[in-house]
>>> print(open('input-v3.cif').read())   # mmCIF, C-alpha atoms
data_query
#
loop_
_atom_site.group_PDB
_atom_site.id
_atom_site.type_symbol
_atom_site.label_atom_id
_atom_site.label_comp_id
_atom_site.auth_asym_id
_atom_site.auth_seq_id
_atom_site.Cartn_x
_atom_site.Cartn_y
_atom_site.Cartn_z
ATOM 1 C CA MET A 19 66.400 -56.435 12.163
ATOM 2 C CA LYS A 20 67.402 -55.416 15.687
ATOM 3 C CA ARG A 21 70.179 -53.212 14.327
ATOM 4 C CA THR A 22 67.719 -51.502 11.949
ATOM 5 C CA THR A 23 65.235 -50.874 14.779
ATOM 6 C CA PHE A 24 67.994 -49.490 16.993
ATOM 7 C CA ALA A 25 69.194 -47.202 14.217
ATOM 8 C CA LEU A 26 65.707 -45.861 13.563
ATOM 9 C CA ALA A 27 65.182 -45.213 17.297
ATOM 10 C CA ALA A 28 68.485 -43.344 17.490
ATOM 11 C CA ILE A 29 67.510 -41.156 14.529
ATOM 12 C CA LEU A 30 64.136 -40.343 16.067
ATOM 13 C CA LEU A 31 65.732 -39.503 19.417
ATOM 14 C CA TRP A 32 68.290 -37.236 17.739
ATOM 15 C CA THR A 33 65.474 -35.478 15.843
ATOM 16 C CA VAL A 34 63.533 -34.754 19.039
ATOM 17 C CA VAL A 35 66.639 -33.391 20.775
ATOM 18 C CA ALA A 36 67.535 -31.314 17.745
ATOM 19 C CA VAL A 37 64.161 -29.588 17.289
ATOM 20 C CA SER A 38 62.993 -29.225 20.893
ATOM 21 C CA ALA A 39 64.231 -26.096 22.630
ATOM 22 C CA PRO A 40 64.143 -25.804 26.419
ATOM 23 C CA ALA A 41 60.908 -24.300 27.740
ATOM 24 C CA VAL A 42 61.329 -20.662 28.816
ATOM 25 C CA PRO A 43 59.610 -19.808 32.128
ATOM 26 C CA LEU A 44 57.575 -16.608 32.320
ATOM 27 C CA ARG A 45 55.897 -15.216 35.428
ATOM 28 C CA VAL A 46 53.111 -12.701 34.741
ATOM 29 C CA LEU A 47 51.362 -10.358 37.176
ATOM 30 C CA THR A 48 48.240 -8.340 36.395
ATOM 31 C CA TYR A 49 47.069 -5.904 39.045
ATOM 32 C CA ASN A 50 44.592 -3.023 39.098
ATOM 33 C CA LEU A 51 45.753 -0.499 41.705
ATOM 34 C CA GLY A 52 42.400 1.303 41.872
ATOM 35 C CA LEU A 53 43.814 4.837 42.080
ATOM 36 C CA LEU A 54 40.768 6.547 40.579
ATOM 37 C CA ARG A 55 39.542 9.940 41.704
ATOM 38 C CA VAL A 56 36.424 11.293 39.976
ATOM 39 C CA PHE A 57 35.795 15.045 40.099
ATOM 40 C CA GLY A 58 37.850 15.435 43.251
ATOM 41 C CA SER A 59 36.417 12.421 45.100
ATOM 42 C CA ASP A 60 37.970 9.002 45.658
ATOM 43 C CA PHE A 61 36.136 6.362 43.657
ATOM 44 C CA VAL A 62 38.088 3.827 45.680
ATOM 45 C CA PRO A 63 38.878 4.952 49.251
ATOM 46 C CA ALA A 64 42.238 6.335 50.398
ATOM 47 C CA VAL A 65 43.684 7.030 46.948
ATOM 48 C CA ARG A 66 46.391 9.414 48.130
ATOM 49 C CA ASP A 67 47.621 7.145 50.920
ATOM 50 C CA ARG A 68 47.617 4.085 48.686
ATOM 51 C CA ALA A 69 49.295 5.884 45.785
ATOM 52 C CA ALA A 70 52.051 7.049 48.129
ATOM 53 C CA ILE A 71 53.016 3.516 49.160
ATOM 54 C CA ALA A 72 52.189 1.697 45.899
ATOM 55 C CA PRO A 73 55.726 2.041 44.440
ATOM 56 C CA ARG A 74 57.242 0.556 47.582
ATOM 57 C CA GLU A 75 54.767 -2.331 47.712
ATOM 58 C CA ILE A 76 55.033 -3.142 44.000
ATOM 59 C CA ALA A 77 58.837 -3.127 44.236
ATOM 60 C CA ARG A 78 58.736 -5.269 47.367
ATOM 61 C CA PHE A 79 56.593 -7.834 45.607
ATOM 62 C CA ALA A 80 58.777 -7.716 42.482
ATOM 63 C CA GLY A 81 61.907 -8.197 44.565
ATOM 64 C CA GLY A 82 60.454 -11.253 46.286
ATOM 65 C CA GLN A 83 58.424 -12.922 43.529
ATOM 66 C CA ALA A 84 60.398 -11.762 40.458
ATOM 67 C CA PRO A 85 57.596 -11.531 37.900
ATOM 68 C CA ASP A 86 59.035 -11.198 34.409
ATOM 69 C CA LEU A 87 56.075 -9.179 33.227
ATOM 70 C CA ILE A 88 53.970 -6.759 35.290
ATOM 71 C CA VAL A 89 50.784 -5.269 33.858
ATOM 72 C CA LEU A 90 49.279 -2.556 36.064
ATOM 73 C CA GLN A 91 46.024 -0.687 35.591
ATOM 74 C CA GLU A 92 44.669 2.579 37.011
ATOM 75 C CA ILE A 93 47.974 4.430 37.192
ATOM 76 C CA TRP A 94 46.252 7.668 36.270
ATOM 77 C CA LYS A 95 48.972 10.247 36.863
ATOM 78 C CA SER A 96 52.447 10.703 35.416
ATOM 79 C CA SER A 97 53.756 11.259 38.935
ATOM 80 C CA GLN A 98 52.401 7.859 40.005
ATOM 81 C CA ALA A 99 53.930 6.165 36.955
ATOM 82 C CA LYS A 100 57.263 7.878 37.524
ATOM 83 C CA ALA A 101 57.425 6.742 41.154
ATOM 84 C CA ILE A 102 56.658 3.123 40.219
ATOM 85 C CA THR A 103 59.175 3.218 37.359
ATOM 86 C CA GLU A 104 61.900 4.511 39.669
ATOM 87 C CA ALA A 105 61.090 1.877 42.307
ATOM 88 C CA LEU A 106 61.322 -0.955 39.754
ATOM 89 C CA ALA A 107 64.409 0.259 37.865
ATOM 90 C CA PRO A 108 66.987 -1.106 40.365
ATOM 91 C CA LEU A 109 65.349 -4.530 40.001
ATOM 92 C CA GLY A 110 66.011 -4.600 36.261
ATOM 93 C CA TYR A 111 62.623 -3.535 34.887
ATOM 94 C CA GLU A 112 61.975 -1.535 31.744
ATOM 95 C CA VAL A 113 58.669 0.365 31.806
ATOM 96 C CA VAL A 114 56.416 1.449 28.946
ATOM 97 C CA ARG A 115 53.070 3.205 29.229
ATOM 98 C CA PRO A 116 50.788 5.173 26.918
ATOM 99 C CA LYS A 117 50.719 8.914 27.483
ATOM 100 C CA GLY A 118 48.145 11.505 26.551
ATOM 101 C CA CYS A 119 45.033 12.620 28.417
ATOM 102 C CA THR A 120 41.320 13.057 27.878
ATOM 103 C CA LEU A 121 39.691 16.483 28.174
ATOM 104 C CA VAL A 122 39.308 15.972 31.930
ATOM 105 C CA GLY A 123 42.987 15.137 32.338
ATOM 106 C CA LYS A 124 42.842 11.349 32.752
ATOM 107 C CA GLU A 125 45.455 9.118 31.130
ATOM 108 C CA GLY A 126 44.949 5.524 30.016
ATOM 109 C CA GLY A 127 46.051 4.041 33.328
ATOM 110 C CA LEU A 128 48.156 1.204 31.855
ATOM 111 C CA LEU A 129 51.751 0.535 32.847
ATOM 112 C CA VAL A 130 53.796 -2.453 31.655
ATOM 113 C CA ALA A 131 57.082 -3.404 33.337
ATOM 114 C CA VAL A 132 59.393 -5.983 31.730
ATOM 115 C CA ARG A 133 62.273 -7.593 33.638
ATOM 116 C CA ARG A 134 65.650 -8.276 32.014
ATOM 117 C CA PRO A 135 66.665 -10.258 30.055
ATOM 118 C CA LEU A 136 63.191 -9.825 28.529
ATOM 119 C CA ARG A 137 63.024 -6.670 26.439
ATOM 120 C CA VAL A 138 60.478 -4.587 24.564
ATOM 121 C CA VAL A 139 61.137 -4.730 20.820
ATOM 122 C CA SER A 140 58.294 -2.372 19.890
ATOM 123 C CA TRP A 141 54.961 -1.204 21.243
ATOM 124 C CA SER A 142 51.919 0.863 20.352
ATOM 125 C CA PHE A 143 48.689 1.999 21.982
ATOM 126 C CA THR A 144 45.202 1.895 20.482
ATOM 127 C CA PRO A 145 42.440 3.756 22.373
ATOM 128 C CA PHE A 146 39.033 2.121 22.473
ATOM 129 C CA GLY A 147 36.572 3.659 20.037
ATOM 130 C CA LYS A 148 33.517 2.820 22.133
ATOM 131 C CA SER A 149 33.012 3.172 25.876
ATOM 132 C CA THR A 150 30.540 4.371 28.494
ATOM 133 C CA PHE A 151 30.311 7.875 29.942
ATOM 134 C CA VAL A 152 32.325 7.154 33.091
ATOM 135 C CA ASP A 153 34.970 5.100 31.302
ATOM 136 C CA SER A 154 35.252 7.664 28.509
ATOM 137 C CA LEU A 155 36.669 10.099 31.063
ATOM 138 C CA ALA A 156 39.872 8.054 30.837
ATOM 139 C CA ARG A 157 41.915 7.138 27.761
ATOM 140 C CA LYS A 158 41.469 3.375 27.961
ATOM 141 C CA GLY A 159 42.594 1.012 25.232
ATOM 142 C CA VAL A 160 45.100 -1.706 24.316
ATOM 143 C CA LEU A 161 48.874 -1.541 24.721
ATOM 144 C CA LEU A 162 50.294 -3.947 22.137
ATOM 145 C CA ALA A 163 53.951 -4.894 22.558
ATOM 146 C CA THR A 164 56.357 -7.333 20.941
ATOM 147 C CA LEU A 165 58.621 -8.805 23.613
ATOM 148 C CA GLU A 166 61.851 -10.771 23.157
ATOM 149 C CA ASN A 167 64.041 -12.899 25.382
ATOM 150 C CA PRO A 168 67.624 -12.627 24.024
ATOM 151 C CA ALA A 169 68.825 -15.119 26.646
ATOM 152 C CA ALA A 170 66.527 -17.799 25.228
ATOM 153 C CA GLY A 171 67.465 -17.712 21.568
ATOM 154 C CA GLY A 172 65.595 -14.492 20.852
ATOM 155 C CA VAL A 173 62.161 -16.042 21.287
ATOM 156 C CA ARG A 174 59.419 -13.447 20.756
ATOM 157 C CA PHE A 175 55.803 -13.147 21.804
ATOM 158 C CA LEU A 176 53.051 -10.541 21.799
ATOM 159 C CA LEU A 177 51.502 -8.813 24.790
ATOM 160 C CA LEU A 178 48.120 -7.129 24.632
ATOM 161 C CA ALA A 179 47.601 -5.263 27.919
ATOM 162 C CA THR A 180 44.203 -3.744 28.549
ATOM 163 C CA HIS A 181 41.521 -2.505 30.937
ATOM 164 C CA THR A 182 37.986 -2.772 29.595
ATOM 165 C CA VAL A 183 34.785 -1.032 30.636
ATOM 166 C CA ALA A 184 33.255 -1.699 34.071
ATOM 167 C CA LEU A 185 29.792 -3.265 34.350
ATOM 168 C CA ASP A 186 26.872 -2.870 36.737
ATOM 169 C CA THR A 187 25.265 -6.231 37.532
ATOM 170 C CA ASP A 188 22.594 -7.863 39.619
ATOM 171 C CA GLN A 189 24.474 -10.766 41.190
ATOM 172 C CA GLY A 190 26.705 -11.057 38.178
ATOM 173 C CA THR A 191 24.049 -10.500 35.511
ATOM 174 C CA PRO A 192 24.552 -7.215 33.609
ATOM 175 C CA VAL A 193 21.745 -4.667 33.995
ATOM 176 C CA ASP A 194 22.898 -2.020 31.493
ATOM 177 C CA GLU A 195 22.782 -3.011 27.834
ATOM 178 C CA LYS A 196 24.917 -0.035 26.816
ATOM 179 C CA GLN A 197 27.708 -1.298 29.050
ATOM 180 C CA VAL A 198 27.338 -4.784 27.577
ATOM 181 C CA ALA A 199 27.498 -3.357 24.061
ATOM 182 C CA ALA A 200 30.653 -1.409 24.943
ATOM 183 C CA VAL A 201 32.324 -4.509 26.400
ATOM 184 C CA ARG A 202 31.504 -6.439 23.242
ATOM 185 C CA VAL A 203 33.023 -3.802 20.969
ATOM 186 C CA GLN A 204 36.128 -3.583 23.138
ATOM 187 C CA ALA A 205 36.572 -7.363 23.312
ATOM 188 C CA LEU A 206 36.253 -7.678 19.550
ATOM 189 C CA ARG A 207 38.730 -4.834 19.120
ATOM 190 C CA ILE A 208 41.269 -6.653 21.304
ATOM 191 C CA LEU A 209 40.854 -9.820 19.231
ATOM 192 C CA SER A 210 41.093 -7.831 16.002
ATOM 193 C CA LEU A 211 44.367 -6.234 17.117
ATOM 194 C CA LEU A 212 45.675 -9.677 18.072
ATOM 195 C CA GLU A 213 44.895 -11.050 14.622
ATOM 196 C CA GLN A 214 46.419 -8.026 12.882
ATOM 197 C CA ALA A 215 49.643 -8.361 14.887
ATOM 198 C CA SER A 216 49.819 -12.142 14.540
ATOM 199 C CA PRO A 217 47.863 -13.357 11.499
ATOM 200 C CA GLY A 218 46.847 -16.946 11.956
ATOM 201 C CA GLY A 219 48.700 -17.117 15.264
ATOM 202 C CA ALA A 220 52.206 -16.673 13.847
ATOM 203 C CA LEU A 221 53.520 -15.401 17.183
ATOM 204 C CA PRO A 222 52.435 -16.694 20.600
ATOM 205 C CA ALA A 223 50.507 -14.055 22.515
ATOM 206 C CA LEU A 224 49.295 -13.054 25.962
ATOM 207 C CA LEU A 225 46.179 -10.956 26.638
ATOM 208 C CA VAL A 226 46.525 -9.519 30.130
ATOM 209 C CA GLY A 227 44.620 -7.099 32.321
ATOM 210 C CA ASP A 228 41.406 -6.147 34.069
ATOM 211 C CA PHE A 229 38.629 -7.310 31.754
ATOM 212 C CA ASN A 230 35.852 -6.521 34.297
ATOM 213 C CA VAL A 231 34.131 -9.785 33.339
ATOM 214 C CA GLY A 232 34.757 -13.385 34.276
ATOM 215 C CA PRO A 233 33.316 -16.872 34.772
ATOM 216 C CA ARG A 234 29.721 -16.498 36.003
ATOM 217 C CA TYR A 235 30.172 -12.718 36.139
ATOM 218 C CA ALA A 236 28.839 -11.196 32.913
ATOM 219 C CA ASP A 237 29.733 -14.633 31.615
ATOM 220 C CA ALA A 238 28.584 -14.085 28.025
ATOM 221 C CA SER A 239 30.853 -11.042 27.752
ATOM 222 C CA TYR A 240 33.733 -13.006 29.285
ATOM 223 C CA ARG A 241 33.258 -15.796 26.716
ATOM 224 C CA LEU A 242 33.869 -13.375 23.846
ATOM 225 C CA VAL A 243 37.576 -13.606 24.672
ATOM 226 C CA ALA A 244 37.799 -16.808 26.717
ATOM 227 C CA ASP A 245 36.172 -18.907 23.986
ATOM 228 C CA ALA A 246 37.892 -17.225 21.041
ATOM 229 C CA PRO A 247 39.775 -19.739 18.841
ATOM 230 C CA GLY A 248 43.032 -20.916 20.378
ATOM 231 C CA ILE A 249 42.737 -18.846 23.567
ATOM 232 C CA THR A 250 43.002 -20.280 27.080
ATOM 233 C CA GLU A 251 42.798 -18.576 30.483
ATOM 234 C CA ALA A 252 45.657 -19.331 32.869
ATOM 235 C CA GLY A 253 43.559 -19.828 35.992
ATOM 236 C CA ALA A 254 41.127 -22.160 34.253
ATOM 237 C CA VAL A 255 44.025 -24.317 33.050
ATOM 238 C CA ALA A 256 46.092 -24.228 36.242
ATOM 239 C CA ALA A 257 43.226 -25.212 38.551
ATOM 240 C CA PRO A 258 39.848 -25.672 36.813
ATOM 241 C CA GLY A 259 37.918 -25.827 40.084
ATOM 242 C CA GLU A 260 39.585 -22.802 41.686
ATOM 243 C CA ALA A 261 37.673 -19.491 41.789
ATOM 244 C CA PHE A 262 40.754 -17.207 41.824
ATOM 245 C CA VAL A 263 38.662 -14.314 43.157
ATOM 246 C CA THR A 264 40.237 -10.941 42.391
ATOM 247 C CA TRP A 265 37.137 -8.842 43.161
ATOM 248 C CA ASP A 266 36.063 -9.523 46.735
ATOM 249 C CA PRO A 267 33.181 -7.853 48.608
ATOM 250 C CA ALA A 268 35.035 -8.687 51.838
ATOM 251 C CA ASN A 269 37.796 -6.286 50.793
ATOM 252 C CA PRO A 270 37.127 -3.015 52.695
ATOM 253 C CA LEU A 271 38.032 -1.006 49.610
ATOM 254 C CA VAL A 272 35.222 -2.776 47.753
ATOM 255 C CA ARG A 273 32.762 -2.585 50.636
ATOM 256 C CA PHE A 274 33.218 1.169 50.944
ATOM 257 C CA GLY A 275 34.006 1.867 47.279
ATOM 258 C CA GLY A 276 32.021 2.598 44.135
ATOM 259 C CA TYR A 277 30.775 -0.974 43.511
ATOM 260 C CA PRO A 278 29.923 -2.367 46.964
ATOM 261 C CA ASN A 279 27.132 -4.693 45.779
ATOM 262 C CA GLU A 280 28.951 -6.605 43.070
ATOM 263 C CA PRO A 281 29.514 -10.301 43.893
ATOM 264 C CA ALA A 282 32.882 -12.006 44.274
ATOM 265 C CA ALA A 283 34.413 -12.731 40.879
ATOM 266 C CA LYS A 284 37.585 -13.313 38.896
ATOM 267 C CA ILE A 285 37.758 -10.328 36.566
ATOM 268 C CA ASP A 286 41.548 -10.004 36.127
ATOM 269 C CA HIS A 287 42.990 -12.408 33.597
ATOM 270 C CA VAL A 288 46.018 -13.808 31.807
ATOM 271 C CA PHE A 289 44.860 -15.271 28.492
ATOM 272 C CA ALA A 290 47.294 -17.150 26.242
ATOM 273 C CA ARG A 291 47.311 -18.122 22.569
ATOM 274 C CA ASN A 292 49.906 -20.427 21.029
ATOM 275 C CA GLY A 293 51.993 -19.509 18.001
ATOM 276 C CA THR A 294 52.833 -21.627 14.974
ATOM 277 C CA ALA A 295 56.338 -22.361 16.280
ATOM 278 C CA ALA A 296 55.892 -21.872 20.013
ATOM 279 C CA ARG A 297 53.299 -22.865 22.574
ATOM 280 C CA TRP A 298 52.405 -21.988 26.146
ATOM 281 C CA THR A 299 52.155 -24.315 29.105
ATOM 282 C CA VAL A 300 50.423 -23.023 32.230
ATOM 283 C CA VAL A 301 52.312 -24.206 35.295
ATOM 284 C CA LYS A 302 50.412 -22.583 38.166
ATOM 285 C CA ALA A 303 48.442 -19.504 39.191
ATOM 286 C CA ALA A 304 47.670 -17.597 42.377
ATOM 287 C CA VAL A 305 45.791 -14.601 43.730
ATOM 288 C CA VAL A 306 48.176 -12.111 45.372
ATOM 289 C CA PHE A 307 48.097 -8.735 47.172
ATOM 290 C CA THR A 308 45.227 -9.941 49.353
ATOM 291 C CA ALA A 309 46.575 -9.036 52.792
ATOM 292 C CA PRO A 310 46.254 -5.658 54.523
ATOM 293 C CA VAL A 311 49.346 -3.490 54.164
ATOM 294 C CA ASP A 312 51.114 -2.678 57.425
ATOM 295 C CA GLY A 313 50.215 0.848 58.490
ATOM 296 C CA LEU A 314 47.580 1.358 55.778
ATOM 297 C CA SER A 315 44.026 2.073 56.952
ATOM 298 C CA PHE A 316 41.170 4.492 56.424
ATOM 299 C CA ALA A 317 38.063 5.607 58.308
ATOM 300 C CA PRO A 318 34.977 4.634 56.260
ATOM 301 C CA SER A 319 32.984 7.496 57.755
ATOM 302 C CA ARG A 320 33.544 10.449 60.054
ATOM 303 C CA GLY A 321 34.223 9.250 63.565
ATOM 304 C CA ALA A 322 34.452 5.578 62.537
ATOM 305 C CA GLU A 323 37.313 3.359 63.620
ATOM 306 C CA PRO A 324 40.061 3.006 60.978
ATOM 307 C CA VAL A 325 39.883 -0.145 58.874
ATOM 308 C CA ALA A 326 43.049 -1.972 57.801
ATOM 309 C CA THR A 327 43.126 -2.438 54.058
ATOM 310 C CA PRO A 328 45.069 -4.081 51.221
ATOM 311 C CA LEU A 329 46.715 -1.935 48.584
ATOM 312 C CA SER A 330 43.801 -1.983 46.117
ATOM 313 C CA ASP A 331 40.136 -2.853 45.694
ATOM 314 C CA HIS A 332 41.347 -5.573 43.306
ATOM 315 C CA TYR A 333 43.642 -8.425 44.210
ATOM 316 C CA GLY A 334 46.456 -9.289 41.846
ATOM 317 C CA PHE A 335 46.578 -12.386 39.650
ATOM 318 C CA LEU A 336 49.930 -14.138 39.173
ATOM 319 C CA ALA A 337 50.451 -16.808 36.515
ATOM 320 C CA ASP A 338 53.497 -18.987 35.872
ATOM 321 C CA LEU A 339 53.821 -20.134 32.273
ATOM 322 C CA GLU A 340 56.419 -21.737 30.047
ATOM 323 C CA LEU A 341 56.987 -20.989 26.385
ATOM 324 C CA GLU A 342 58.360 -23.896 24.388
ATOM 325 C CA THR A 343 59.737 -23.297 20.921
ATOM 326 C CA ALA A 344 60.957 -25.508 18.106
ATOM 327 C CA ARG A 345 64.279 -24.837 16.395
#
>>> encode(input="input-v3.cif", output="structure tokens")
Amino acid sequence: MKRTTFALAAILLWTVVAVSAPAVPLRVLTYNLGLLRVFGSDFVPAVRDRAAIAPREIARFAGGQAPDLIVLQEIWKSSQAKAITEALAPLGYEVVRPKGCTLVGKEGGLLVAVRRPLRVVSWSFTPFGKSTFVDSLARKGVLLATLENPAAGGVRFLLLATHTVALDTDQGTPVDEKQVAAVRVQALRILSLLEQASPGGALPALLVGDFNVGPRYADASYRLVADAPGITEAGAVAAPGEAFVTWDPANPLVRFGGYPNEPAAKIDHVFARNGTAARWTVVKAAVVFTAPVDGLSFAPSRGAEPVATPLSDHYGFLADLELETAR
């Protein structure tokens, strides 16, 4: 009897070892650089100065923190994208971004950088069909990519990078029903693209970007994605009681920008959905790019003292995950 029990235990142990592949770590950064100029005016202060140093600061962060996947928003000009691409290239990053402009010359603003050994197998861009007047000036949408890690047995996953419409709120409650309707259509479009690319969750997926909604900030709109079947949000899993504020009224670029009265909120997200043969584990999360940049400041009004500022009106959100597959 003891020999039989021992034999069965050995078989079970061998089975677990045989089918369980080592978990693959993946560090993901989403960051809105806020480089928007509208009809010749800075929507977020100091666009030119911040755009000039953004490549250096992004590369400095990438060199120190080594994110495997960087999703940037509001890179509105080809010259800005080129400078960031060139700054990241020596660190082993491949960059993809949708091109093409609206009638007023604005691109989609998305830029995705992938660090070797991770590689982009294929990608496409789908513009949003519904927006608001201000957001329609840019070519916003969803960058859908299939990514592969050849160093980890060729494991693949999907990335849906996006930047949805901005909302006006009264202490986090939306005040414009047209904006709410646009967010709903865009959120459902993101989920539709996810299902088309991975029917029934065949491939694990990440939904990453500036969603402009979050817990207790346009909460019903946030729940369209956050409560979709099988989807989890990295911050909520890593530390359920942590606010992870990425939109902060104490940030001078918010205080003197286009949305000075919006409350503190987490509006930048890394959502994950498991696949049939691979699943995500959230290890930890953090808010980054919060500190003022050395030498970067702006005068909020003529004659005012310069104010030290971080790189963007948003803070970045960094999530560490693991992807475990079965062989």
>>> residues_around(input="input-v3.cif", residues="stretch 161-173 of chain A", least_positions_apart="2", cutoff="7 Å", atoms="only C-alpha atoms", output="PyMOL selection string")
chain A and resi 42+135-144+159+175-180
>>> write_last_selection(input="input-v3.cif", atoms="C-alpha atoms", output="short mmCIF file (atom, residue, chain, number, x, y, z; two decimals), in the frame of the given file")
data_model
loop_
_atom_site.label_atom_id
_atom_site.label_comp_id
_atom_site.auth_asym_id
_atom_site.auth_seq_id
_atom_site.Cartn_x
_atom_site.Cartn_y
_atom_site.Cartn_z
CA VAL A 42 61.33 -20.66 28.82
CA PRO A 135 66.67 -10.26 30.06
CA LEU A 136 63.19 -9.82 28.53
CA ARG A 137 63.02 -6.67 26.44
CA VAL A 138 60.48 -4.59 24.56
CA VAL A 139 61.14 -4.73 20.82
CA SER A 140 58.29 -2.37 19.89
CA TRP A 141 54.96 -1.20 21.24
CA SER A 142 51.92 0.86 20.35
CA PHE A 143 48.69 2.00 21.98
CA THR A 144 45.20 1.90 20.48
CA GLY A 159 42.59 1.01 25.23
CA PHE A 175 55.80 -13.15 21.80
CA LEU A 176 53.05 -10.54 21.80
CA LEU A 177 51.50 -8.81 24.79
CA LEU A 178 48.12 -7.13 24.63
CA ALA A 179 47.60 -5.26 27.92
CA THR A 180 44.20 -3.74 28.55
#
>>> residues_around(input="input-v3.cif", residues="stretch 298-312 of chain A", least_positions_apart="4", cutoff="8 Å", atoms="only C-alpha atoms", output="list in words")
Pro222, Ala252, Gly253, Val255, Ala256, Ala257, Phe262, Val263, Thr264, Ala290, Arg291, Asn292, Ala326, Thr327, Pro328, Leu329, Tyr333, Gly334, Phe335, Leu336, Ala337, Asp338, Leu339, Glu340, Leu341 and Glu342 of chain A
>>> write_last_selection(input="input-v3.cif", atoms="C-alpha atoms", output="PDB file, in the coordinates of the input")
ATOM      1  CA  PRO A 222      52.435 -16.694  20.600  1.00  0.00           C
ATOM      2  CA  ALA A 252      45.657 -19.331  32.869  1.00  0.00           C
ATOM      3  CA  GLY A 253      43.559 -19.828  35.992  1.00  0.00           C
ATOM      4  CA  VAL A 255      44.025 -24.317  33.050  1.00  0.00           C
ATOM      5  CA  ALA A 256      46.092 -24.228  36.242  1.00  0.00           C
ATOM      6  CA  ALA A 257      43.226 -25.212  38.551  1.00  0.00           C
ATOM      7  CA  PHE A 262      40.754 -17.207  41.824  1.00  0.00           C
ATOM      8  CA  VAL A 263      38.662 -14.314  43.157  1.00  0.00           C
ATOM      9  CA  THR A 264      40.237 -10.941  42.391  1.00  0.00           C
ATOM     10  CA  ALA A 290      47.294 -17.150  26.242  1.00  0.00           C
ATOM     11  CA  ARG A 291      47.311 -18.122  22.569  1.00  0.00           C
ATOM     12  CA  ASN A 292      49.906 -20.427  21.029  1.00  0.00           C
ATOM     13  CA  ALA A 326      43.049  -1.972  57.801  1.00  0.00           C
ATOM     14  CA  THR A 327      43.126  -2.438  54.058  1.00  0.00           C
ATOM     15  CA  PRO A 328      45.069  -4.081  51.221  1.00  0.00           C
ATOM     16  CA  LEU A 329      46.715  -1.935  48.584  1.00  0.00           C
ATOM     17  CA  TYR A 333      43.642  -8.425  44.210  1.00  0.00           C
ATOM     18  CA  GLY A 334      46.456  -9.289  41.846  1.00  0.00           C
ATOM     19  CA  PHE A 335      46.578 -12.386  39.650  1.00  0.00           C
ATOM     20  CA  LEU A 336      49.930 -14.138  39.173  1.00  0.00           C
ATOM     21  CA  ALA A 337      50.451 -16.808  36.515  1.00  0.00           C
ATOM     22  CA  ASP A 338      53.497 -18.987  35.872  1.00  0.00           C
ATOM     23  CA  LEU A 339      53.821 -20.134  32.273  1.00  0.00           C
ATOM     24  CA  GLU A 340      56.419 -21.737  30.047  1.00  0.00           C
ATOM     25  CA  LEU A 341      56.987 -20.989  26.385  1.00  0.00           C
ATOM     26  CA  GLU A 342      58.360 -23.896  24.388  1.00  0.00           C
TER      27      GLU A 342
END
>>> resolve_selection(input="input-v3.cif", expression="the PyMOL selection byres ((chain A and resi 98) around 10)", output="PyMOL selection string")
chain A and resi 53+69-70+72-73+92-97+99-103+127
>>> resolve_selection(input="input-v3.cif", expression="the PyMOL selection byres ((chain A and resi 198-210) around 8)", output="number ranges by chain")
A: 146-150, 160, 178, 182-183, 185, 192, 194-197, 211-214, 239, 242-243
>>> resolve_selection(input="input-v3.cif", expression="the PyMOL selection byres ((chain A and resi 49) around 8)", output="PyMOL selection string")
chain A and resi 47-48+50-51+88-91+227-228+286+332-335
>>> axis_aligned_box(input="input-v3.cif", around="stretch 296-299 of chain A", padding_each_side="6 Å", output="lines of an AutoDock Vina configuration file")
center_x = 54.0
center_y = -23.1
center_z = 24.6
size_x = 15.7
size_y = 14.4
size_z = 21.1
>>> atom_distance(input="input-v3.cif", atom1="atom CA of A:Gly58", atom2="atom CA of A:Lys117")
21.4 Å
>>> residues_around(input="input-v3.cif", residues="stretch 281-285 of chain A", least_positions_apart="5", cutoff="7 Å", atoms="all atoms listed in the file", output="VMD selection string")
chain A and resid 189 to 190 228 to 233 235 261 to 267
>>> write_last_selection(input="input-v3.cif", atoms="C-alpha atoms", output="PDB file, keeping the file's coordinate frame")
ATOM      1  CA  GLN A 189      24.474 -10.766  41.190  1.00  0.00           C
ATOM      2  CA  GLY A 190      26.705 -11.057  38.178  1.00  0.00           C
ATOM      3  CA  ASP A 228      41.406  -6.147  34.069  1.00  0.00           C
ATOM      4  CA  PHE A 229      38.629  -7.310  31.754  1.00  0.00           C
ATOM      5  CA  ASN A 230      35.852  -6.521  34.297  1.00  0.00           C
ATOM      6  CA  VAL A 231      34.131  -9.785  33.339  1.00  0.00           C
ATOM      7  CA  GLY A 232      34.757 -13.385  34.276  1.00  0.00           C
ATOM      8  CA  PRO A 233      33.316 -16.872  34.772  1.00  0.00           C
ATOM      9  CA  TYR A 235      30.172 -12.718  36.139  1.00  0.00           C
ATOM     10  CA  ALA A 261      37.673 -19.491  41.789  1.00  0.00           C
ATOM     11  CA  PHE A 262      40.754 -17.207  41.824  1.00  0.00           C
ATOM     12  CA  VAL A 263      38.662 -14.314  43.157  1.00  0.00           C
ATOM     13  CA  THR A 264      40.237 -10.941  42.391  1.00  0.00           C
ATOM     14  CA  TRP A 265      37.137  -8.842  43.161  1.00  0.00           C
ATOM     15  CA  ASP A 266      36.063  -9.523  46.735  1.00  0.00           C
ATOM     16  CA  PRO A 267      33.181  -7.853  48.608  1.00  0.00           C
TER      17      PRO A 267
END
>>> atom_distance(input="input-v3.cif", atom1="atom CA of A:Val226", atom2="atom CA of A:Arg74")
22.8 Å
>>> closest_residue(input="input-v3.cif", among="A:Val65, A:Val46, A:Ala215, A:Ala317", to="A:Ala131", atoms="only C-alpha atoms")
A:Val46
>>> residues_around(input="input-v3.cif", residues="A:Arg273", least_positions_apart="4", cutoff="10 Å", atoms="all atoms listed in the file", output="VMD selection string")
chain A and resid 62 to 63 266 to 269 277 to 280 318 331
